[in-house]
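This report refers to the structure that appears directly beneath it.
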Amino acid sequence: MTVIPHPAGRTVEHLGSGPLDRDGLAAVVARDIPRGSFVNLGIGQPTMVADHLAADSGVVLHTENGMLGMGPAAQGDAVDPDLINAGKIPVTELPGASYFHHADSFAMMRGGHLDVCVLGAYQVSGRGDLANWHTGAPDAIPAVGGAMDLAIGAKDVFVMMTLFARDGTPKLVPECTYPLTGLACVSRLYTDQALFHLGPDGVTVAETYGTTVDELAARLDVPVRRLGE
Amino acid sequence: MTVIPHPAGRTVEHLGSGPLDRDGLAAVVARDIPRGSFVNLGIGQPTMVADHLAADSGVVLHTENGMLGMGPAAQGDAVDPDLINAGKIPVTELPGASYFHHADSFAMMRGGHLDVCVLGAYQVSGRGDLANWHTGAPDAIPAVGGAMDLAIGAKDVFVMMTLFARDGTPKLVPECTYPLTGLACVSRLYTDQALFHLGPDGVTVAETYGTTVDELAARLDVPVRRLGE
Amino acid sequence: MTVVTGEPDRAVDGIADGSTVLIGGFGLAGMPVTLVEALIRQGATDLTVVSNNAGNGDTGLAALLAAGRVRKMICSFPRQSDSWVFDGLYRAGKIELEVVPQGNLAERMRAAGAGIGAFYCPTGVGTPLAEGKEKRTIDGREYVLEYPIKGDVALIGAHTGDRMGNLVYRKTARNFGPVMATAAALTIAQVSQVVETGELDPETVVTPCIHVDRILDLSAAEAAS
Amino acid sequence: MTVVTGEPDRAVDGIADGSTVLIGGFGLAGMPVTLVEALIRQGATDLTVVSNNAGNGDTGLAALLAAGRVRKMICSFPRQSDSWVFDGLYRAGKIELEVVPQGNLAERMRAAGAGIGAFYCPTGVGTPLAEGKEKRTIDGREYVLEYPIKGDVALIGAHTGDRMGNLVYRKTARNFGPVMATAAALTIAQVSQVVETGELDPETVVTPCIHVDRILDLSAAEAAS
């Protein structure tokens, strides 16, 4: 694990405002990415993290379709159909970029060279199991893309998601009921309600947003601890 | 196997002159390399084959230290310490050349992309086993280089050697007594005395040089046939 | 020796029914659309197609699927917003699907091209995609045994080729092209332009000519049409 | 982030006793002689060195061997006309030797860099170098199970680096460098020159900066000396 320890060293309950919105959540993830990291941002919500990285962060973005040094989404004349990200969105190239083929790109991932990847999820278990590729619905067409490769490849896997589904059931669960993407791979879980550290020792709440550790503990089916406990 | 069938279709005994010299042997090997082949010439005697390839042969030479389109040995100002062959001799670059790293170079070999490689040998068995990396002498320092990779990698492995050792014992043997480089990998054996086709069906003499099939059969410990028999 | 042609139909000549066809591209970047269209005209059927996606819209790979030529898709991400052709065939039970994690797709083709018999891969351990596969623990980590994917044919898109068959690509359109070129018995590349042998810098060649059997020169194809 | 320095001693700082050190080069082409000389001064000992050859003449790797710092050599071709330092140590029983076919040496390091747990390789089947190794027949062909070779440190030679750590090589001096760069926890490259970030064409970068931790700029080193 390469991530910096939590800056506060103890659990912080942010009660002055409500749960984080998607932008606020992306800002928290960006804050926790160490300077100079090599980072892969998954399709969808994780791409918002890029907007919150400081210009001098030295963070280098990897896209699994064969590029390091990916820049922001391309606009207008800069759109080039040969230059896209994993979500097939036209992007740009930053100075110091490089291109490589798919086997090299995934060797980079599988070989443990990426410091952090940020993914979305349907469910995450208390020990860090990840389910983010398949709802298990019988009529769904399975499609995995690079999710399993990222899950086992990056030194740290961060997940961004809402803590509760629309029906109020927690998505941080004792055991994933959706098909798994990877075992014990998520180290940090960033949600609108709280930031969790996950690992073999279980779930630690590092921060809460508009709620308390005790309130969360009452709503979750996994035991949670505070930092330093 | 990609090599062209033997041009004569029947065994030819060349009795007008003696055994082939090294240059004559290289010319016979060069004759049998199909146009447009990708070829690796081993260290030592096999490199002489290059001098006998027709200018319009379209043969592209591979050197395992990471190059296709290798040209002749470099002379004078053309010597560049960064451009060498597998024998560490300075060489030149032909138009259409390319450079690649060692894993890609040996993937090319192991993956069966080379049409022909030409190697030297201490011993070759009737079914094509090759011994060319180690004399087995107890004080010898073992060194294999790319010999084993070439032996199993090229579509056709040609061996060039004298048929008899200095003490008169045949180097084409029923079973190799020297440590093996590869099993059943040699398809053609080019010697000063004769050209042999090797395979699961045994040894066929395609041509002789200054001797007859019957004379060779008497001196060898492996059964030999004529082409077409 | 590499054949350079400006005729799409000549480029895909001889592809047999039942072939495994590797088709490059990630979405449309690097997708050899002209070659796939020629393959539809050529008529080979009962194909197994290996490609990252399972077709977009109604052209290229989607049109090949719609023409009923594909028995089985091996891909990482069939489901896309514009994959209606595949979706319909799949839901109707008219096509087989093998979903492979994207990195395994690349690595299994790389293994085919590199002569590797099989490899232990950490991707997918504990997931449904590893079910029924051989497992092994090495140095305390679990791995799944994965086998090569070899193509009878590879259809790829590149940017520039030379007359000997060396290729360079452009930006993220490189993607699967260089890997597929090594993994097929017959590799056919469509390129935007062909230059004389010697014009490509040997240091920058991405796919050496040994991996390329035929080049379709799109600039010549357009000039002729 | 990649550190660029003109000081050889700073480039090799912190290499621990007992490390496995991958050293690039094929003969002298691509051999990082300045880094190896700095490693000798640095003093790390009890090393396992992985390199194609086992030193030439009395400099570079040969000098490291002569200084008694190497416990074990893993290489494909130790015996050369000018390998007298290694030859003497080996005959005196002062150094261990693991001979590995050249392609297996490359592929085992590639596997380490690519997160592959082990692979079935056809090279060496039936030979003394496969003795004691696990075998398996796949599709009628025999293979030997080979394991990754991972380095604590890689010392490689390249031609040009940029300030971010991207590397390009020159001609056949490329050889093992790009593979070793992926296979070590700490990769240190000596380069003939360093250019500003953005000056290397992204299409032509051979080793992306993610694989490079430190660059020794030889042009700066010479200017300072």
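Labels for the structure tokens follow display order: chains A, B, ..., residues from 1 in each chain, ligands from 1.
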
>> Going by DSSP on the backbone, which residues of stretch 30-180 of chain D come out as strand (DSSP E)? List them as a PyMOL selection string.
In response: chain D and resi 47-50+70-75+96-99+118-121+135-138+141-146+151-162+167-168

> Taking the backbone alone, and naming residues the way the document does, which bits of chain B are helix (DSSP H, G or I) by DSSP, as a VMD selection string?
Replying inline: chain B and resid 22 to 31 45 to 52 76 to 78 102 to 110 147 to 153 213 to 219

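If you look at atom CA of B:Ala143 and atom CA of B:Gly120, they are 14.7 Å away from each other.
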
> Taking only C-alpha atoms into account, what are the residues of chain C at most 10 Å from chain A, put as a PyMOL selection string?
Replying inline: chain C and resi 25-30+52-53+75-80+86-87+90-91+97-111+121-129+169-180+206

Selection file, C-alpha atoms, as a compact mmCIF listing (two decimals), in the first residue's frame:
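What ended up in again_30.txt:
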```txt
# COMPACT_ATOMS: atom_id res chain seq x y z
CA GLY C 25 -9.84 -1.83 -32.20
CA PHE C 26 -11.17 -0.44 -28.97
CA GLY C 27 -14.56 0.90 -29.86
CA LEU C 28 -13.92 2.49 -33.25
CA ALA C 29 -10.31 3.52 -32.60
CA GLY C 30 -8.13 1.08 -34.53
CA ASN C 52 -12.65 -6.10 -27.28
CA ASN C 53 -16.24 -5.08 -28.03
CA CYS C 75 -14.65 -10.19 -25.92
CA SER C 76 -14.33 -8.18 -22.72
CA PHE C 77 -17.14 -5.69 -23.12
CA PRO C 78 -20.01 -6.58 -25.46
CA ARG C 79 -22.58 -4.34 -23.79
CA GLN C 80 -22.42 -0.78 -25.01
CA PHE C 86 -25.09 -8.10 -30.64
CA ASP C 87 -27.62 -7.62 -27.82
CA TYR C 90 -27.45 -12.78 -27.75
CA ARG C 91 -30.91 -12.45 -26.25
CA LEU C 97 -20.43 -15.34 -25.80
CA GLU C 98 -17.20 -15.82 -23.86
CA VAL C 99 -16.53 -12.81 -21.66
CA VAL C 100 -12.82 -12.41 -20.86
CA PRO C 101 -11.27 -9.72 -18.68
CA GLN C 102 -9.67 -7.21 -21.01
CA GLY C 103 -6.12 -7.80 -19.81
CA ASN C 104 -6.55 -11.56 -20.10
CA LEU C 105 -7.81 -11.11 -23.64
CA ALA C 106 -4.62 -9.21 -24.48
CA GLU C 107 -2.32 -11.54 -22.54
CA ARG C 108 -3.85 -14.72 -23.94
CA MET C 109 -3.26 -13.44 -27.47
CA ARG C 110 0.23 -12.33 -26.51
CA ALA C 111 0.87 -15.88 -25.21
CA CYS C 121 -2.81 -15.07 -14.01
CA PRO C 122 -4.10 -13.32 -10.88
CA THR C 123 -6.99 -11.63 -12.68
CA GLY C 124 -10.45 -12.89 -11.89
CA VAL C 125 -9.51 -15.10 -8.91
CA GLY C 126 -12.62 -15.74 -6.84
CA THR C 127 -14.97 -14.43 -9.53
CA PRO C 128 -17.45 -16.21 -11.79
CA LEU C 129 -15.05 -15.79 -14.74
CA TYR C 169 0.07 3.17 -35.23
CA ARG C 170 -1.49 6.42 -34.09
CA LYS C 171 -2.27 7.33 -30.45
CA THR C 172 -4.72 5.03 -28.66
CA ALA C 173 -5.72 3.40 -31.94
CA ARG C 174 -2.67 1.18 -31.34
CA ASN C 175 -4.52 -0.85 -28.68
CA PHE C 176 -4.88 -4.52 -29.66
CA GLY C 177 -3.26 -4.27 -33.12
CA PRO C 178 0.34 -5.15 -32.25
CA VAL C 179 -0.74 -8.06 -30.04
CA MET C 180 -3.18 -9.54 -32.56
CA VAL C 206 5.82 -1.00 -33.54
```

> Could you state the separation of atom CA of D:Val70 and atom CA of D:Glu37 in Å, given to one decimal place?
Replying inline: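 Atom CA of D:Val70 sits 13.8 Å away from atom CA of D:Glu37.
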
> When the cut-off is 9 Å and we count only C-alpha atoms, which residues of chain D are near chain C, given as a list in words?
Replying inline: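 Every residue meeting the condition is included here: Gly115, Ile116, Gly117, Ala118, Phe119, Tyr120, Cys121, Pro122, Thr137, Ile138, Asp139, Arg141, Glu142, Tyr143, Leu145, Val168, Tyr169, Arg170, Lys171, Pro202, Glu203, Thr204, Val205 and Val206 of chain D.
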
> Do you know which residues are at most 8 Å from A:Val205 counting only C-alpha atoms, after dropping those on the same chain fewer than 2 positions away, and could you put them as a ChimeraX atom specification?
Replying inline: /A:11,194-197,203,207-208,213,224-227

>> So that I can check the surroundings of C:Glu7, please list as a count of residues only every protein, DNA and RNA residue that reaches within 12 Å of it, counting only C-alpha atoms and ignoring chain neighbours fewer than 3 positions away.
In response: 22
